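Trainee: Questions regarding the structure given below will be posed in turn.
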Amino acid sequence: MEIRPEVVRGAVASVDARRRWTRGGRKQERLPGEARRIAYLYIAPAFILYAAFNLVPLVQGVNISFYNWDGITPGTWAGLSNYTDFFTDPLIRQGYVHVLQLMLFYAFLPIVLGLFLAALLSRIRIRGLTAFRLVLFLPLVITDVATAVAWTWVYDVNGPLSTFLRAVGLGSLVPAQGWLGSFNTALPAVGVFGLWGAFGFCLILFLAGVMKIPASLYEAARVDGANAIHEFFAVTLPGLRYELQVVLVLSLIDTLGTFDEIYVMTSGGPGTATSVPAYLVWRRMFQTSQVGSAAALGITLMLIIFAVTYAANKLMDRWGDDE
Amino acid sequence: MASSSVRIKIALAILVASVVAVGCTPGGSVSQATAPPAPAVTGVPDTGPITLTVWDQESGQVSKVWDQLNAEFEQKYPNVTIKRVNRDFGELKTLLALAMSGPHGPDVVEANQGWPDMGHLVKAGLLLPLDNYAQAYGWTSRVSPNVLRVSSWSPDGKEFGTGSLYGYTTMGEIVGVYYNKQILSELGLTVPTTFGEFEQDLEAAKQAGQIPIQFANNDAFPGIHEFATIQDQIAPTSYLTDLIFGTQRDQLSFDTPENTQAATTLQDWANKGYFTPGFGGAGYDDSVSNFANGEGLFMITGNWIVANLGADNTNFGFFPLPPADPGDPPVATGGAGFPLAIAAGSEQPDAAAAYIDWMTSDHASDLLLPTGEIPLHNGKTPTVQPGTVLADVVDAARTVSDANGVVPYEDWATPTFYDTLTSSIQELMVNRLTPDQFVQNVEADYKDFQTSRP
């Protein structure tokens, strides 16, 4: 039998429309007449706190970023030089290159693996799913710092990972300075730690999403003769669009702001092999008294996160509209 | 969903606020702290209850001694209450400047020396010059001038190693070579007396399957001690001291044949496998306990691990690394420990000075000695049980000090020197930098700072 994708697409589109309707439910909250002023009173407590701890420091940060300032003595006007450093300071550039590499582990791989497993689980029902979910979700519940300390042991030159590799005769793979101490393996090692944490998050969200996809869609696809791969691209993937969007945006933000694991596992080393922008902000702010530069780095990072998030959202929205 | 016009308005508001804010120079006005007059009488003035807030960075055994000394001080002066705020080294470094520039800061602080820490505070007028107290209490004659020099600054904080006294300590540190006596005798070796003999011992240990030097560098700072200890034996001592104090500004360069030679030696040792395998990913604390448990013939680090080994331990010995040219005087990195300083904002500077005097007294040093802190008091020979690791450490510190061979810590040299040195040494030791590139890297940082100094 011939597969007719348009039928499947049509079914998906109708579900989409239904979702849009529920999403658009907010529109109904707009009561006839003007927005009421009393609403400002309701948001005032939260807004005041938000302004005091986020907006005011943000404005101060922008201000400081235009100065060379050591944190105590009066700063000297620096103009845009703290920002042009972005293009000239090799350490900053290197930090962003590292973050790009980490995105592979923090965003791309967890999503691909998560999707694959979610698709698999959508076809078979397994027992003890709750237990699996718990285990996968656990890394997210435990604080990063604690797990990062544990992982430094795993990565030690005499740690479980190296011992295992030696035991199975792959000892030559163990880097001479340990996984976190060697220039070539330190960043991927941190990345695998991030993958371990992010993967569970992705899978949980995707699983929840898969369960919302009506079984009738799969049945329809199967009636049309779709195999597993067709089913994935025609039903599962479009059905997971919103989950995918959330995961993508959150994991991109998370990667760009990577700090804890670098602080705990490598201090940016060896050399500067695992230095990332957020770590540079902290170092310059608190350790080397380059507060102006730290502020500029922080603002730049914020703008880049904005841009990336915006682009990712736009991309996902457009993909949705094409369907 | 907010309409886009509202969003634009919000963005504009933030933008306008930012533009208005730009132009407010960050940082308050700085007034140089003036030295308080010498007190008429020494000791704590009896003018009602006094609370002294003390910020320190001690841990382990030393921290317990501090608790005892604080309690004794409160007994001695019943009107004094000491509020101790104990933080670790990194935390103190992070918070000190912030705490001191605000109201209700500490009275007495234990600040690190050098450009990144004490220099920063002096420049901001946050520390009191202690000269008058030093005179009243006789601090200057209690220790040798090199101990005072590392806490001395011009009042504007622009010159290091000269001018007024801003911090005081009588306890010293030394970085040198610990050795495991049992392994040494098993290998049929004796304590090396020349640099060449030391290298032969390294090779002998390697051949015998022992770890020649116990070392771990994931924490990055130990690398500085390995490099500096070698460098001390090769580069002239006066050059190193001038370099670190920055007395000749950019006239001195890090890019010298001696420094290159020191870097070559360090890289050579690493390539020959003289350091613990996998040192790059291993932690310092683990390496100390591994050495204490008998792993490794030597370990190059400071007196602070004496407490970990046990002060009365007789299984370990200590010596300063012998100079490269036999016959040269012994040289080692170290000198004064963390000095105590008085905050410019303190309302009780006289009581604070009395506290510093107490913490640097003979009595305090007697209590601190078993923790591995070395008393630097002139003319006072500490009583230590011979044959112990502590006896060796005290002996080495004294020999080096008598020969005028104390070199300050290298990372004091510029505000960013710690980062530059640690990361460059990590790269040097796995051949990612040649010795030439290494000294050029470090020199770039040094020159950058020296030419930017006002």
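Residues in the structure tokens are numbered from 1 in each chain, the chains being A, B, ... in the order shown, and ligands are numbered from 1 in the order shown.
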Could the residues of chain A within 6 Å of chain B, counting only C-alpha atoms, be given as a list in words, please?

Mentor: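 Within 6 Å of chain B on chain A, we get Val59, Asn63, Ile72, Thr73, Pro74, Gly75, Val157, Ala176, Gln177, Gly178, Leu180, Gly181, Pro270, Gly271, Phe286 and Thr288 of chain A.
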
Trainee: Taking 2 positions as the minimum chain separation for residues in the same chain, which residues sit within 12 Å of B:Glu410 when counting only C-alpha atoms? Answer as a ChimeraX atom specification.

Mentor: /B:113-116,150,221,223-229,231-232,239-246,254,332-335,406-408,412-422,442,446

Trainee: Write down as a list in words the residues belonging to stretch 322-416 of chain B that are assigned strand (DSSP E) by DSSP computed on the backbone.

Mentor: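 Output for stretch 322-416 of chain B, strand (DSSP E) only: Ala332, Thr333, Gly334, Gly335, Ala336, Leu340, Ala341, Ile342, Ile374, Pro375, Val406 and Val407 of chain B.
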
Trainee: Restrict the selected residues to N, CA and C atoms and save them as a short mmCIF file (atom, residue, chain, number, x, y, z; two decimals), in the first residue's frame.

Mentor:
```
data_model
loop_
_atom_site.label_atom_id
_atom_site.label_comp_id
_atom_site.auth_asym_id
_atom_site.auth_seq_id
_atom_site.Cartn_x
_atom_site.Cartn_y
_atom_site.Cartn_z
N ALA B 332 64.86 29.75 48.65
CA ALA B 332 63.55 29.09 48.60
C ALA B 332 62.45 30.13 48.55
N THR B 333 61.34 29.73 47.95
CA THR B 333 60.16 30.58 47.94
C THR B 333 59.49 30.52 49.29
N GLY B 334 58.99 31.65 49.73
CA GLY B 334 58.30 31.66 51.03
C GLY B 334 58.41 33.02 51.67
N GLY B 335 58.71 33.01 52.96
CA GLY B 335 58.81 34.26 53.69
C GLY B 335 57.68 34.39 54.67
N ALA B 336 57.10 35.57 54.69
CA ALA B 336 56.07 35.84 55.69
C ALA B 336 54.77 35.11 55.34
N LEU B 340 48.32 40.23 59.39
CA LEU B 340 47.10 40.82 59.92
C LEU B 340 47.14 42.32 59.64
N ALA B 341 46.01 42.86 59.25
CA ALA B 341 45.94 44.28 58.93
C ALA B 341 44.72 44.89 59.61
N ILE B 342 44.73 46.22 59.75
CA ILE B 342 43.61 46.89 60.39
C ILE B 342 42.82 47.66 59.33
N ILE B 374 56.11 28.66 60.95
CA ILE B 374 57.48 28.83 61.43
C ILE B 374 57.65 30.20 62.07
N PRO B 375 58.05 30.26 63.35
CA PRO B 375 58.25 31.57 63.99
C PRO B 375 59.47 32.27 63.38
N VAL B 406 65.29 34.25 50.80
CA VAL B 406 63.83 34.11 50.71
C VAL B 406 63.30 34.86 49.50
N VAL B 407 62.60 34.14 48.63
CA VAL B 407 61.97 34.77 47.45
C VAL B 407 60.46 34.80 47.68
#
```

Trainee: Write out as a list in words which residues come within 10 Å of B:Val191 when counting only C-alpha atoms, dropping same-chain ones fewer than 2 positions away.

Mentor: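 Result of the neighbour search: Tyr179, Lys181, Leu184, Ser185, Leu189, Thr193, Thr194, Glu197, Phe198, Asp201, Gly317, Phe318 and Phe319 of chain B.
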
Trainee: Excluding stretch 127-138 of chain A and any residue of its chain fewer than 6 positions from it, enumerate the residues within 9 Å of it, using only C-alpha atoms, and give them as an MDAnalysis selection string.

Mentor: chainID A and resid 196:197 199:201 203:204

Trainee: Can you list, as a PyMOL selection string, every protein, DNA or RNA residue that comes within 7 Å of stretch 272-274 of chain B when you count only C-alpha atoms, leaving out same-chain residues fewer than 2 positions away?

Mentor: chain B and resi 202+206+211-213+268-270+276

Trainee: Store the residues picked out above, limited to N, CA and C atoms, as a PDB file, in the first residue's frame.

Mentor:
```pdb
ATOM      1  N   LEU B 202      66.058  11.519  41.297  1.00  0.00           N
ATOM      2  CA  LEU B 202      64.796  11.417  40.579  1.00  0.00           C
ATOM      3  C   LEU B 202      64.855  10.244  39.603  1.00  0.00           C
ATOM      4  N   LYS B 206      62.783   6.724  39.586  1.00  0.00           N
ATOM      5  CA  LYS B 206      62.023   6.351  38.397  1.00  0.00           C
ATOM      6  C   LYS B 206      62.388   4.928  37.969  1.00  0.00           C
ATOM      7  N   ILE B 211      57.397   6.670  42.446  1.00  0.00           N
ATOM      8  CA  ILE B 211      57.047   7.995  41.938  1.00  0.00           C
ATOM      9  C   ILE B 211      58.130   8.954  42.438  1.00  0.00           C
ATOM     10  N   PRO B 212      58.903   9.560  41.534  1.00  0.00           N
ATOM     11  CA  PRO B 212      59.970  10.450  42.030  1.00  0.00           C
ATOM     12  C   PRO B 212      59.405  11.662  42.785  1.00  0.00           C
ATOM     13  N   ILE B 213      58.425  12.385  42.175  1.00  0.00           N
ATOM     14  CA  ILE B 213      57.856  13.552  42.853  1.00  0.00           C
ATOM     15  C   ILE B 213      56.346  13.413  42.899  1.00  0.00           C
ATOM     16  N   ASP B 268      61.295  19.049  31.142  1.00  0.00           N
ATOM     17  CA  ASP B 268      62.133  17.871  31.024  1.00  0.00           C
ATOM     18  C   ASP B 268      61.752  16.827  32.086  1.00  0.00           C
ATOM     19  N   TRP B 269      61.586  17.280  33.317  1.00  0.00           N
ATOM     20  CA  TRP B 269      61.207  16.369  34.415  1.00  0.00           C
ATOM     21  C   TRP B 269      59.862  15.729  34.126  1.00  0.00           C
ATOM     22  N   ALA B 270      58.944  16.550  33.618  1.00  0.00           N
ATOM     23  CA  ALA B 270      57.606  16.008  33.330  1.00  0.00           C
ATOM     24  C   ALA B 270      57.705  14.957  32.227  1.00  0.00           C
ATOM     25  N   THR B 276      54.002  12.378  39.426  1.00  0.00           N
ATOM     26  CA  THR B 276      52.945  11.365  39.519  1.00  0.00           C
ATOM     27  C   THR B 276      52.224  11.210  38.181  1.00  0.00           C
TER      28      THR B 276
END
```

Trainee: With only C-alpha atoms as the counted atoms, please give the residues lying no more than 10 Å from A:Val281, apart from itself and same-chain residues fewer than 4 positions off, as a PyMOL selection string.

Mentor: chain A and resi 92+259+276-277+285-287+290-299+301

Trainee: Please identify the helix (DSSP H, G or I) residues within stretch 67-257 of chain B (assignment by DSSP from backbone atoms) and present them as an NGL selection string.

Mentor: :B and (67-76 or 89-101 or 115-123 or 131-137 or 139-142 or 145-149 or 181-186 or 195-207 or 221-234 or 237-245 or 249-251 or 257)

Trainee: Can you tell me how far atom CA of B:Gln437 sits from atom CA of A:Pro175, in Å to one decimal?

Mentor: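 Result for atom CA of B:Gln437 versus atom CA of A:Pro175: 24.1 Å, one decimal.
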